[in-house]
Amino acid sequence: MPRPALSEQVVRATREQARRIHMLTWNDEKPATPRADGAAEPVRAEDKRVINGQADINQLAPFRYPWAWEYFLKANKNHWTPVDVNMSQDVHDYHHRLSDAERHVYENVLAYLTTADILAMRNIGLAVMEKMSAPELQIYQARQVYEESMHTWAYQHCIETIGLDQGEIYNRYRVVPQIQRKIALSNRRLNAVLRPDIDLTDRDALHEFVMSYLFFAAVFEGTWFYNGFSPIFSLQRRGLMKGTGEQLQYIMRDEVMHFTFGMRVVRQIVKEEGVVLDPKAVADMWAEADEAERAYADFLLADPILGYDADMHHEQFRFIANRRASKVGLAEPFPGARNALPWLDEQANLRKEKNFFETRVTEYQTGGALSWD
């Protein structure tokens, strides 16, 4: 459904606020003028902005957003590839130990994720990066694009190793309504800002861009993904599909950094551009996401598995959604939601993993355990 129109009062207030900010900051953000010798004036950190900036996009430093560069440095500490993880037990578990209900859960989690991570890659790589006007932001986002590709490889590696029908699994997002609904909702958000004629100096277009970025950071990666791994983690906690679970733990580390970075960018844009998010548009975003997740949970867990059911999955979605909303200064969309899976954060924050080349235990820095305030 299209974004609800802003009331005339909100539109006037938003435009006036933006005009005042523009007038206060223009002198510090005007393009560098050429000198008599043909060179340009040096770039200053304060000349940079997240979007609509006037500074040279090719000049990395001085940093205005040193935290973005830190994200890039931290991301490189979580380097891995899917083939580094031993999947031999998973082959045996899938064919000889999983129940029919557990195989249904396993297959459909992968069916959703295979398409979802390609969508995440396209969103950052095609719809977001080219709109950033500070290179320290783009450099981390380039790493993010790579990581989304790596995640897609991980799902493909699991599907191929287990011996699943690739054509059938990959097409489920098209033929299973409960999966297709989540993908269609995400595609609508992506397509709204992927169009080539979008003008972020226009207040309505800017609002739509921020809402899209907020959706992918707080809902798509911050809640659907974070909660979406938990059915596999529930199997892993019982000693089943441990290789797949380990793959998802590495992916989780990346995703924690993706959505915290995205929400920080949203906060920065709101501050710099004087964006006033329409409360109804935000509420509608969470309501749509909630309805889609409820339907997905009912399909995925029509037959509950040991220690995990549809109500737990849906309640955990709401609990995490409240955390994500508060992180960007928004009201909790689902007041009173309880932490139905208290072990999920522990699963994301595991610090010890086997060294890929030795049998000793080694400490690795984890994105899930980092504090991003």
# chains A, B, ... in the order shown; residues from 1 in each chain; ligands from 1
>>> residues_around(residues="Thr114 of chain A", least_positions_apart="5", cutoff="9 Å", atoms="only C-alpha atoms", output="PyMOL selection string")
chain A and resi 109+151-156+169-170
>>> residues_around(residues="Glu107 of chain A", least_positions_apart="5", cutoff="9 Å", atoms="only C-alpha atoms", output="short mmCIF file (atom, residue, chain, number, x, y, z; two decimals) with N, CA and C atoms, in the first residue's frame")
data_model
loop_
_atom_site.label_atom_id
_atom_site.label_comp_id
_atom_site.auth_asym_id
_atom_site.auth_seq_id
_atom_site.Cartn_x
_atom_site.Cartn_y
_atom_site.Cartn_z
N GLU A 102 10.57 -31.09 11.52
CA GLU A 102 11.88 -30.43 11.60
C GLU A 102 12.48 -30.22 10.22
N TYR A 112 13.46 -19.15 2.52
CA TYR A 112 13.25 -17.72 2.73
C TYR A 112 14.58 -16.96 2.67
N ILE A 159 22.23 -26.10 1.19
CA ILE A 159 21.25 -26.77 0.31
C ILE A 159 21.93 -27.83 -0.54
N LEU A 164 19.40 -31.18 -1.26
CA LEU A 164 18.03 -30.76 -1.51
C LEU A 164 17.85 -30.39 -2.98
N ILE A 169 13.56 -25.68 -3.85
CA ILE A 169 13.81 -24.83 -2.68
C ILE A 169 13.85 -23.35 -3.08
#
>>> select_by_dssp(residues="segment 125-364 of chain A", states="alpha helix (DSSP H)", output="ChimeraX atom specification")
/A:135-162,166-170,172-175,177-194,203-214,226-228,230-237,242-273,279-300,310-327,344-348
>>> closest_residue(among="A:Met87, A:Ile118, A:Lys131, A:Ala287", to="Leu200 of chain A", atoms="only C-alpha atoms")
A:Lys131
